[in-house]
Amino acid sequence: MQPKHRVADVLNLEVDHLQKIAHTSWNERALHAIRKCRTKALGGRLDWCMNCKKLHLQFNSCRNRHCPTCQGHKQQQWIAARRRELLPVPYFHVVFTLPDTLNPVALRHPKELYRVLFDSVWETLCAFGNNPKHLGAKLGMIAVLHTWGQDLGLHPHLHCIAPKGGVSKAGFWKKGKGKDDFLFSVAAMSDKYRGCFVAKLRKALPHLPQSLYDDLFKHEWVVYSKPPFGRPEHVIEYLGRYTHKIAISNHRILTIDKENGTVTFSLKVYRKGGKKTTMALDTKEFIRRFQLHILPKGFTRIRHYGILSSSWKKEKLP
Ligand SMILES: [Zn+2]
Ligand SMILES: [Zn+2]
């Protein structure tokens, strides 16, 4: 079903202010691309439709990966590739979050900060996986970066999907012991993750003030597990629905009030058990939040690790 409103409609209302609202010129370019998606500004082609015997004018898509209008297509190709790749074992789903103290760093140094997030999560999982007390095998993981919360605010977190087990040194499958939530204790992982993250951040961005680091150790870092996937098909279904998600889909926009310059959109409040509600924002504020989630040029948002990485598979399964 065609959405009633599009993020592009909001962008068009503030077309003269996009430069000011966007944090970087890269973000501004993305906003303009999304604004022009499937309009005559990007050109188009005429298609003769056999069914209705009419010529249809099709405008070109912007193909920006942050565009809510362009989603769908890429997603299908990606899912097909994953389907060939998954192991026939149960999978776990765990989410690693960052404390909001780091939000200013995420805005100024997104590339470095998000890389540290991916690396420290993988290092944490490996530390547990390689330890014979916990598993003693090489793990695999698919990690997907999300940077938003339901209110479109900055809330970076990594969704990790990992098979329940790993490959032993001798090359055999070793089943994980985890019962209901994850392979390893989420509380123990949280501590390890914080330590790994801070050590890597110091190396990546040595100029950050000590006060920031002091603050990072004051809070517990949130790691939580989501219901596990019983079968690989459920993983595919999940990945299909969530991995190519962007900050907001067009369908979530309920009204655009041009006169008062506000946008109302739907959201779920997870603290209240996923209760549905609505939120109204000034159009400029809506765009400011939307562009917080435009990733740096070429940044890979979905990564494969360990036994799920292509390099490992090439080496072991020639
Ligand atoms: Zn587009
Ligand atoms: Zn998420």
# chains A, B, ... in the order shown; residues from 1 in each chain; ligands from 1
$ select_by_dssp --residues "region 98-200 of chain A" --states "alpha helix (DSSP H)" --output "JSON, numbers by chain"
{"A": [103, 104, 105, 106, 107, 108, 110, 111, 112, 113, 114, 115, 116, 117, 118, 119, 120, 121, 122, 123, 124, 125, 126, 127, 128, 129, 130, 186, 187, 188, 189, 190, 191, 192, 193, 194, 195, 196, 197, 198, 199, 200]}
$ write_last_selection --atoms "N, CA and C atoms" --output "short mmCIF file (atom, residue, chain, number, x, y, z; two decimals), in the first residue's frame"
data_model
loop_
_atom_site.label_atom_id
_atom_site.label_comp_id
_atom_site.auth_asym_id
_atom_site.auth_seq_id
_atom_site.Cartn_x
_atom_site.Cartn_y
_atom_site.Cartn_z
N ASN A 103 26.67 10.31 22.95
CA ASN A 103 25.99 10.89 21.78
C ASN A 103 26.76 12.03 21.11
N PRO A 104 27.33 12.97 21.87
CA PRO A 104 28.10 14.03 21.20
C PRO A 104 29.27 13.47 20.38
N VAL A 105 29.88 12.39 20.87
CA VAL A 105 30.99 11.77 20.13
C VAL A 105 30.46 11.11 18.86
N ALA A 106 29.27 10.52 18.97
CA ALA A 106 28.67 9.87 17.79
C ALA A 106 28.39 10.89 16.69
N LEU A 107 28.07 12.10 17.08
CA LEU A 107 27.78 13.14 16.07
C LEU A 107 29.06 13.66 15.45
N ARG A 108 30.10 13.81 16.24
CA ARG A 108 31.33 14.39 15.71
C ARG A 108 32.22 13.34 15.03
N PRO A 110 31.32 9.83 13.95
CA PRO A 110 30.49 8.63 13.79
C PRO A 110 31.27 7.42 13.30
N LYS A 111 32.15 7.63 12.34
CA LYS A 111 32.90 6.51 11.76
C LYS A 111 33.69 5.78 12.84
N GLU A 112 34.45 6.55 13.59
CA GLU A 112 35.32 5.94 14.61
C GLU A 112 34.49 5.28 15.70
N LEU A 113 33.48 6.00 16.18
CA LEU A 113 32.70 5.48 17.30
C LEU A 113 31.96 4.20 16.92
N TYR A 114 31.33 4.19 15.77
CA TYR A 114 30.55 3.01 15.39
C TYR A 114 31.48 1.83 15.07
N ARG A 115 32.67 2.13 14.56
CA ARG A 115 33.62 1.04 14.31
C ARG A 115 34.03 0.40 15.64
N VAL A 116 34.28 1.26 16.63
CA VAL A 116 34.64 0.75 17.96
C VAL A 116 33.49 -0.10 18.52
N LEU A 117 32.27 0.32 18.27
CA LEU A 117 31.12 -0.45 18.74
C LEU A 117 31.11 -1.86 18.13
N PHE A 118 31.24 -1.95 16.82
CA PHE A 118 31.29 -3.27 16.16
C PHE A 118 32.44 -4.11 16.72
N ASP A 119 33.64 -3.51 16.75
CA ASP A 119 34.82 -4.26 17.15
C ASP A 119 34.74 -4.75 18.60
N SER A 120 34.25 -3.89 19.49
CA SER A 120 34.26 -4.30 20.90
C SER A 120 33.19 -5.36 21.18
N VAL A 121 32.09 -5.30 20.45
CA VAL A 121 31.06 -6.33 20.63
C VAL A 121 31.61 -7.69 20.17
N TRP A 122 32.26 -7.69 19.03
CA TRP A 122 32.82 -8.96 18.53
C TRP A 122 33.91 -9.48 19.45
N GLU A 123 34.76 -8.58 19.94
CA GLU A 123 35.82 -9.00 20.86
C GLU A 123 35.21 -9.60 22.14
N THR A 124 34.14 -9.00 22.61
CA THR A 124 33.47 -9.50 23.81
C THR A 124 32.93 -10.91 23.58
N LEU A 125 32.23 -11.08 22.47
CA LEU A 125 31.67 -12.41 22.19
C LEU A 125 32.78 -13.45 22.04
N CYS A 126 33.86 -13.07 21.38
CA CYS A 126 34.97 -14.02 21.20
C CYS A 126 35.60 -14.40 22.52
N ALA A 127 35.74 -13.41 23.42
CA ALA A 127 36.37 -13.69 24.71
C ALA A 127 35.58 -14.79 25.43
N PHE A 128 34.27 -14.74 25.34
CA PHE A 128 33.44 -15.77 25.97
C PHE A 128 33.45 -17.07 25.15
N GLY A 129 33.33 -16.92 23.85
CA GLY A 129 33.26 -18.10 22.99
C GLY A 129 34.53 -18.94 23.04
N ASN A 130 35.69 -18.28 23.01
CA ASN A 130 36.95 -19.01 22.99
C ASN A 130 37.27 -19.66 24.33
N VAL A 186 24.35 -12.35 30.21
CA VAL A 186 24.27 -11.01 29.68
C VAL A 186 24.95 -10.01 30.62
N ALA A 187 24.84 -10.23 31.92
CA ALA A 187 25.45 -9.32 32.89
C ALA A 187 26.98 -9.38 32.79
N ALA A 188 27.52 -10.59 32.66
CA ALA A 188 28.98 -10.75 32.55
C ALA A 188 29.46 -10.13 31.25
N MET A 189 28.68 -10.28 30.17
CA MET A 189 29.09 -9.71 28.89
C MET A 189 29.10 -8.19 28.94
N SER A 190 28.14 -7.62 29.67
CA SER A 190 28.02 -6.17 29.77
C SER A 190 29.30 -5.55 30.33
N ASP A 191 29.85 -6.16 31.39
CA ASP A 191 31.10 -5.67 32.00
C ASP A 191 32.27 -5.74 31.03
N LYS A 192 32.38 -6.90 30.40
CA LYS A 192 33.48 -7.13 29.47
C LYS A 192 33.39 -6.15 28.29
N TYR A 193 32.17 -5.98 27.81
CA TYR A 193 31.91 -5.09 26.67
C TYR A 193 32.33 -3.65 26.99
N ARG A 194 31.96 -3.17 28.16
CA ARG A 194 32.32 -1.81 28.55
C ARG A 194 33.84 -1.65 28.56
N GLY A 195 34.53 -2.62 29.15
CA GLY A 195 36.00 -2.57 29.21
C GLY A 195 36.61 -2.55 27.82
N CYS A 196 36.15 -3.44 26.96
CA CYS A 196 36.67 -3.51 25.58
C CYS A 196 36.41 -2.20 24.85
N PHE A 197 35.20 -1.69 25.00
CA PHE A 197 34.81 -0.49 24.28
C PHE A 197 35.70 0.69 24.69
N VAL A 198 35.85 0.88 25.99
CA VAL A 198 36.60 2.04 26.46
C VAL A 198 38.07 1.95 26.01
N ALA A 199 38.65 0.76 26.09
CA ALA A 199 40.05 0.59 25.66
C ALA A 199 40.20 0.93 24.17
N LYS A 200 39.27 0.49 23.37
CA LYS A 200 39.34 0.75 21.93
C LYS A 200 39.07 2.21 21.61
#
$ residues_near_ligand --ligand "ligand 1" --cutoff "10 Å" --atoms "only C-alpha atoms and all ligand atoms" --output "list in words"
Ala8, Ala30, Leu31, Ala33, Ile34, Arg35, Lys36, Cys37, Arg38, Thr39, Asn60, Ser61, Cys62, Arg63, Asn64, Arg65, His66, Cys67, Pro68, Thr69, Cys70 and Gln71 of chain A
$ residues_near_ligand --ligand "ligand 2" --cutoff "9 Å" --atoms "only C-alpha atoms and all ligand atoms" --output "VMD selection string"
chain A and resid 95 144 to 149 155 to 159 242 to 243 245
$ write_last_selection --atoms "N, CA and C atoms" --output "PDB file, in the first residue's frame"
ATOM      1  N   VAL A  95      21.296  -7.548  22.047  1.00  0.00           N
ATOM      2  CA  VAL A  95      21.454  -6.142  21.646  1.00  0.00           C
ATOM      3  C   VAL A  95      22.426  -5.451  22.595  1.00  0.00           C
ATOM      4  N   VAL A 144      24.084  -5.776  13.113  1.00  0.00           N
ATOM      5  CA  VAL A 144      23.407  -4.706  12.374  1.00  0.00           C
ATOM      6  C   VAL A 144      23.351  -3.458  13.242  1.00  0.00           C
ATOM      7  N   LEU A 145      23.867  -2.353  12.724  1.00  0.00           N
ATOM      8  CA  LEU A 145      23.861  -1.101  13.486  1.00  0.00           C
ATOM      9  C   LEU A 145      22.556  -0.344  13.283  1.00  0.00           C
ATOM     10  N   HIS A 146      21.905  -0.028  14.380  1.00  0.00           N
ATOM     11  CA  HIS A 146      20.780   0.906  14.379  1.00  0.00           C
ATOM     12  C   HIS A 146      21.235   2.107  15.204  1.00  0.00           C
ATOM     13  N   THR A 147      20.867   3.301  14.799  1.00  0.00           N
ATOM     14  CA  THR A 147      21.327   4.479  15.565  1.00  0.00           C
ATOM     15  C   THR A 147      20.171   5.214  16.224  1.00  0.00           C
ATOM     16  N   TRP A 148      18.936   4.740  16.025  1.00  0.00           N
ATOM     17  CA  TRP A 148      17.775   5.522  16.447  1.00  0.00           C
ATOM     18  C   TRP A 148      16.975   4.865  17.555  1.00  0.00           C
ATOM     19  N   GLY A 149      16.202   5.702  18.235  1.00  0.00           N
ATOM     20  CA  GLY A 149      15.146   5.223  19.106  1.00  0.00           C
ATOM     21  C   GLY A 149      13.832   5.490  18.390  1.00  0.00           C
ATOM     22  N   HIS A 155      20.221   6.948  19.425  1.00  0.00           N
ATOM     23  CA  HIS A 155      20.256   5.851  20.395  1.00  0.00           C
ATOM     24  C   HIS A 155      20.975   4.677  19.729  1.00  0.00           C
ATOM     25  N   PRO A 156      22.299   4.815  19.555  1.00  0.00           N
ATOM     26  CA  PRO A 156      23.031   3.774  18.812  1.00  0.00           C
ATOM     27  C   PRO A 156      23.020   2.438  19.548  1.00  0.00           C
ATOM     28  N   HIS A 157      22.748   1.383  18.817  1.00  0.00           N
ATOM     29  CA  HIS A 157      22.787   0.034  19.397  1.00  0.00           C
ATOM     30  C   HIS A 157      23.056  -0.982  18.291  1.00  0.00           C
ATOM     31  N   LEU A 158      23.621  -2.115  18.704  1.00  0.00           N
ATOM     32  CA  LEU A 158      23.991  -3.140  17.737  1.00  0.00           C
ATOM     33  C   LEU A 158      23.157  -4.394  17.970  1.00  0.00           C
ATOM     34  N   HIS A 159      22.449  -4.820  16.937  1.00  0.00           N
ATOM     35  CA  HIS A 159      21.697  -6.075  17.003  1.00  0.00           C
ATOM     36  C   HIS A 159      22.639  -7.190  16.562  1.00  0.00           C
ATOM     37  N   TYR A 242      13.934  -6.234   9.679  1.00  0.00           N
ATOM     38  CA  TYR A 242      14.600  -5.194  10.457  1.00  0.00           C
ATOM     39  C   TYR A 242      15.935  -4.671   9.949  1.00  0.00           C
ATOM     40  N   THR A 243      16.679  -5.488   9.212  1.00  0.00           N
ATOM     41  CA  THR A 243      18.043  -5.045   8.920  1.00  0.00           C
ATOM     42  C   THR A 243      18.109  -3.830   8.021  1.00  0.00           C
ATOM     43  N   LYS A 245      15.990  -1.577   7.883  1.00  0.00           N
ATOM     44  CA  LYS A 245      15.178  -0.503   8.450  1.00  0.00           C
ATOM     45  C   LYS A 245      15.986   0.772   8.492  1.00  0.00           C
TER      46      LYS A 245
END
$ select_by_dssp --residues "region 120-191 of chain A" --states "strand (DSSP E or B)" --output "PDB file with N, CA and C atoms, in the first residue's frame"
ATOM      1  N   LYS A 138      34.975 -21.395  17.965  1.00  0.00           N
ATOM      2  CA  LYS A 138      34.920 -20.144  17.213  1.00  0.00           C
ATOM      3  C   LYS A 138      33.468 -19.816  16.884  1.00  0.00           C
ATOM      4  N   GLY A 140      30.253 -17.191  15.420  1.00  0.00           N
ATOM      5  CA  GLY A 140      29.912 -16.373  14.254  1.00  0.00           C
ATOM      6  C   GLY A 140      28.895 -15.340  14.669  1.00  0.00           C
ATOM      7  N   MET A 141      28.799 -14.251  13.902  1.00  0.00           N
ATOM      8  CA  MET A 141      27.801 -13.222  14.251  1.00  0.00           C
ATOM      9  C   MET A 141      27.464 -12.394  13.026  1.00  0.00           C
ATOM     10  N   ILE A 142      26.181 -12.033  12.949  1.00  0.00           N
ATOM     11  CA  ILE A 142      25.762 -11.006  12.002  1.00  0.00           C
ATOM     12  C   ILE A 142      25.384  -9.816  12.876  1.00  0.00           C
ATOM     13  N   ALA A 143      25.999  -8.676  12.646  1.00  0.00           N
ATOM     14  CA  ALA A 143      25.719  -7.500  13.476  1.00  0.00           C
ATOM     15  C   ALA A 143      25.146  -6.388  12.610  1.00  0.00           C
ATOM     16  N   VAL A 144      24.084  -5.776  13.113  1.00  0.00           N
ATOM     17  CA  VAL A 144      23.407  -4.706  12.374  1.00  0.00           C
ATOM     18  C   VAL A 144      23.351  -3.458  13.242  1.00  0.00           C
ATOM     19  N   LEU A 145      23.867  -2.353  12.724  1.00  0.00           N
ATOM     20  CA  LEU A 145      23.861  -1.101  13.486  1.00  0.00           C
ATOM     21  C   LEU A 145      22.556  -0.344  13.283  1.00  0.00           C
ATOM     22  N   HIS A 146      21.905  -0.028  14.380  1.00  0.00           N
ATOM     23  CA  HIS A 146      20.780   0.906  14.379  1.00  0.00           C
ATOM     24  C   HIS A 146      21.235   2.107  15.204  1.00  0.00           C
ATOM     25  N   THR A 147      20.867   3.301  14.799  1.00  0.00           N
ATOM     26  CA  THR A 147      21.327   4.479  15.565  1.00  0.00           C
ATOM     27  C   THR A 147      20.171   5.214  16.224  1.00  0.00           C
ATOM     28  N   TRP A 148      18.936   4.740  16.025  1.00  0.00           N
ATOM     29  CA  TRP A 148      17.775   5.522  16.447  1.00  0.00           C
ATOM     30  C   TRP A 148      16.975   4.865  17.555  1.00  0.00           C
ATOM     31  N   LEU A 154      18.882  10.057  18.914  1.00  0.00           N
ATOM     32  CA  LEU A 154      20.087   9.263  18.728  1.00  0.00           C
ATOM     33  C   LEU A 154      20.181   8.200  19.830  1.00  0.00           C
ATOM     34  N   HIS A 155      20.221   6.948  19.425  1.00  0.00           N
ATOM     35  CA  HIS A 155      20.256   5.851  20.395  1.00  0.00           C
ATOM     36  C   HIS A 155      20.975   4.677  19.729  1.00  0.00           C
ATOM     37  N   PRO A 156      22.299   4.815  19.555  1.00  0.00           N
ATOM     38  CA  PRO A 156      23.031   3.774  18.812  1.00  0.00           C
ATOM     39  C   PRO A 156      23.020   2.438  19.548  1.00  0.00           C
ATOM     40  N   HIS A 157      22.748   1.383  18.817  1.00  0.00           N
ATOM     41  CA  HIS A 157      22.787   0.034  19.397  1.00  0.00           C
ATOM     42  C   HIS A 157      23.056  -0.982  18.291  1.00  0.00           C
ATOM     43  N   LEU A 158      23.621  -2.115  18.704  1.00  0.00           N
ATOM     44  CA  LEU A 158      23.991  -3.140  17.737  1.00  0.00           C
ATOM     45  C   LEU A 158      23.157  -4.394  17.970  1.00  0.00           C
ATOM     46  N   HIS A 159      22.449  -4.820  16.937  1.00  0.00           N
ATOM     47  CA  HIS A 159      21.697  -6.075  17.003  1.00  0.00           C
ATOM     48  C   HIS A 159      22.639  -7.190  16.562  1.00  0.00           C
ATOM     49  N   CYS A 160      22.816  -8.195  17.400  1.00  0.00           N
ATOM     50  CA  CYS A 160      23.729  -9.287  17.041  1.00  0.00           C
ATOM     51  C   CYS A 160      22.965 -10.595  17.007  1.00  0.00           C
ATOM     52  N   ILE A 161      23.139 -11.289  15.922  1.00  0.00           N
ATOM     53  CA  ILE A 161      22.487 -12.581  15.766  1.00  0.00           C
ATOM     54  C   ILE A 161      23.595 -13.615  15.641  1.00  0.00           C
ATOM     55  N   ALA A 162      23.591 -14.594  16.554  1.00  0.00           N
ATOM     56  CA  ALA A 162      24.698 -15.552  16.602  1.00  0.00           C
ATOM     57  C   ALA A 162      24.162 -16.967  16.721  1.00  0.00           C
ATOM     58  N   PRO A 163      24.761 -17.902  15.978  1.00  0.00           N
ATOM     59  CA  PRO A 163      24.343 -19.303  16.111  1.00  0.00           C
ATOM     60  C   PRO A 163      24.646 -19.808  17.525  1.00  0.00           C
ATOM     61  N   GLY A 165      26.335 -21.877  19.277  1.00  0.00           N
ATOM     62  CA  GLY A 165      27.457 -22.801  19.247  1.00  0.00           C
ATOM     63  C   GLY A 165      28.545 -22.259  18.343  1.00  0.00           C
ATOM     64  N   GLY A 166      29.569 -23.098  18.116  1.00  0.00           N
ATOM     65  CA  GLY A 166      30.670 -22.654  17.280  1.00  0.00           C
ATOM     66  C   GLY A 166      31.447 -23.845  16.744  1.00  0.00           C
ATOM     67  N   VAL A 167      32.555 -23.533  16.055  1.00  0.00           N
ATOM     68  CA  VAL A 167      33.353 -24.592  15.453  1.00  0.00           C
ATOM     69  C   VAL A 167      34.616 -24.784  16.302  1.00  0.00           C
ATOM     70  N   TRP A 173      31.395 -29.092  15.054  1.00  0.00           N
ATOM     71  CA  TRP A 173      30.388 -28.195  15.628  1.00  0.00           C
ATOM     72  C   TRP A 173      30.253 -28.454  17.122  1.00  0.00           C
ATOM     73  N   LYS A 174      30.288 -27.391  17.906  1.00  0.00           N
ATOM     74  CA  LYS A 174      30.156 -27.534  19.337  1.00  0.00           C
ATOM     75  C   LYS A 174      28.920 -26.770  19.779  1.00  0.00           C
ATOM     76  N   LYS A 175      27.979 -27.487  20.347  1.00  0.00           N
ATOM     77  CA  LYS A 175      26.715 -26.867  20.727  1.00  0.00           C
ATOM     78  C   LYS A 175      26.887 -25.991  21.960  1.00  0.00           C
TER      79      LYS A 175
END
$ atom_distance --atom1 "CA of Asn27 (chain A)" --atom2 "CA of Thr255 (chain A)"
24.4 Å
$ atom_distance --atom1 "CA of Phe184 (chain A)" --atom2 "CA of Lys164 (chain A)"
10.1 Å
$ atom_distance --atom1 "CA of Arg271 (chain A)" --atom2 "CA of Gln150 (chain A)"
11.2 Å
$ residues_around --residues "Phe59 (chain A)" --least-positions-apart "3" --cutoff "7 Å" --atoms "only C-alpha atoms" --output "list in words"
Arg38, Thr39, Lys40, Leu42, Gly43, Gly44 and Arg45 of chain A
$ closest_residue --among "A:Tyr305, A:Phe172, A:Tyr238, A:Phe96" --to "Trp221 (chain A)" --atoms "only C-alpha atoms"
A:Phe96
$ residues_around --residues "His5 (chain A)" --least-positions-apart "3" --cutoff "7 Å" --atoms "only C-alpha atoms" --output "JSON, numbers by chain"
{"A": [9, 250, 253]}
$ write_last_selection --atoms "C-alpha atoms" --output "short mmCIF file (atom, residue, chain, number, x, y, z; two decimals), in the first residue's frame"
data_model
loop_
_atom_site.label_atom_id
_atom_site.label_comp_id
_atom_site.auth_asym_id
_atom_site.auth_seq_id
_atom_site.Cartn_x
_atom_site.Cartn_y
_atom_site.Cartn_z
CA ASP A 9 7.11 15.74 1.81
CA ASN A 250 6.95 6.61 5.43
CA ILE A 253 3.99 9.52 9.30
#
$ decode --residues "region 82-104 of chain A" --atoms "N, CA, C and O atoms" --output "short mmCIF file (atom, residue, chain, number, x, y, z; two decimals), in the first residue's frame"
data_model
loop_
_atom_site.label_atom_id
_atom_site.label_comp_id
_atom_site.auth_asym_id
_atom_site.auth_seq_id
_atom_site.Cartn_x
_atom_site.Cartn_y
_atom_site.Cartn_z
N ARG A 82 21.37 -14.20 2.18
CA ARG A 82 21.47 -14.73 3.55
C ARG A 82 20.89 -16.13 3.64
O ARG A 82 21.37 -16.97 4.36
N ARG A 83 19.85 -16.38 2.90
CA ARG A 83 19.17 -17.67 2.98
C ARG A 83 20.13 -18.80 2.64
O ARG A 83 20.09 -19.86 3.22
N ARG A 84 21.03 -18.52 1.70
CA ARG A 84 21.99 -19.56 1.29
C ARG A 84 23.06 -19.78 2.34
O ARG A 84 23.77 -20.76 2.30
N GLU A 85 23.17 -18.84 3.25
CA GLU A 85 24.32 -18.78 4.11
C GLU A 85 24.14 -19.34 5.51
O GLU A 85 25.09 -19.67 6.18
N LEU A 86 22.89 -19.42 5.96
CA LEU A 86 22.67 -19.73 7.37
C LEU A 86 22.87 -21.20 7.71
O LEU A 86 22.60 -22.08 6.92
N LEU A 87 23.35 -21.44 8.93
CA LEU A 87 23.55 -22.80 9.40
C LEU A 87 22.26 -23.32 10.00
O LEU A 87 21.49 -22.56 10.59
N PRO A 88 22.00 -24.62 9.88
CA PRO A 88 20.74 -25.18 10.39
C PRO A 88 20.77 -25.41 11.90
O PRO A 88 20.64 -26.54 12.37
N VAL A 89 20.97 -24.36 12.67
CA VAL A 89 21.03 -24.47 14.14
C VAL A 89 20.19 -23.32 14.72
O VAL A 89 19.87 -22.38 14.00
N PRO A 90 19.86 -23.39 16.04
CA PRO A 90 19.14 -22.25 16.63
C PRO A 90 20.04 -21.01 16.71
O PRO A 90 21.27 -21.14 16.79
N TYR A 91 19.44 -19.86 16.71
CA TYR A 91 20.19 -18.60 16.77
C TYR A 91 19.74 -17.75 17.95
O TYR A 91 18.56 -17.74 18.29
N PHE A 92 20.70 -17.01 18.51
CA PHE A 92 20.39 -16.08 19.57
C PHE A 92 20.38 -14.66 19.04
O PHE A 92 21.00 -14.36 18.03
N HIS A 93 19.72 -13.79 19.76
CA HIS A 93 19.64 -12.38 19.37
C HIS A 93 19.95 -11.55 20.61
O HIS A 93 19.25 -11.65 21.61
N VAL A 94 21.00 -10.77 20.55
CA VAL A 94 21.36 -9.95 21.71
C VAL A 94 21.65 -8.53 21.22
O VAL A 94 22.13 -8.33 20.10
N VAL A 95 21.30 -7.55 22.05
CA VAL A 95 21.45 -6.14 21.65
C VAL A 95 22.43 -5.45 22.59
O VAL A 95 22.27 -5.53 23.82
N PHE A 96 23.43 -4.79 22.04
CA PHE A 96 24.40 -4.02 22.82
C PHE A 96 24.10 -2.54 22.62
O PHE A 96 24.05 -2.08 21.48
N THR A 97 23.90 -1.81 23.71
CA THR A 97 23.59 -0.38 23.57
C THR A 97 24.77 0.46 24.04
O THR A 97 25.70 -0.05 24.68
N LEU A 98 24.71 1.75 23.74
CA LEU A 98 25.74 2.68 24.21
C LEU A 98 25.09 3.68 25.17
O LEU A 98 23.96 4.08 24.94
N PRO A 99 25.80 4.11 26.22
CA PRO A 99 25.22 5.13 27.10
C PRO A 99 25.11 6.47 26.35
O PRO A 99 25.94 6.75 25.48
N ASP A 100 24.11 7.29 26.68
CA ASP A 100 23.91 8.52 25.89
C ASP A 100 24.99 9.57 26.12
O ASP A 100 25.07 10.55 25.38
N THR A 101 25.86 9.35 27.11
CA THR A 101 27.02 10.22 27.30
C THR A 101 27.83 10.29 25.99
O THR A 101 28.54 11.26 25.74
N LEU A 102 27.74 9.24 25.20
CA LEU A 102 28.56 9.16 23.99
C LEU A 102 27.90 9.81 22.78
O LEU A 102 28.51 9.89 21.70
N ASN A 103 26.67 10.31 22.95
CA ASN A 103 25.99 10.89 21.78
C ASN A 103 26.76 12.03 21.11
O ASN A 103 26.84 12.06 19.87
N PRO A 104 27.33 12.97 21.87
CA PRO A 104 28.10 14.03 21.20
C PRO A 104 29.27 13.47 20.38
O PRO A 104 29.60 13.99 19.32
#
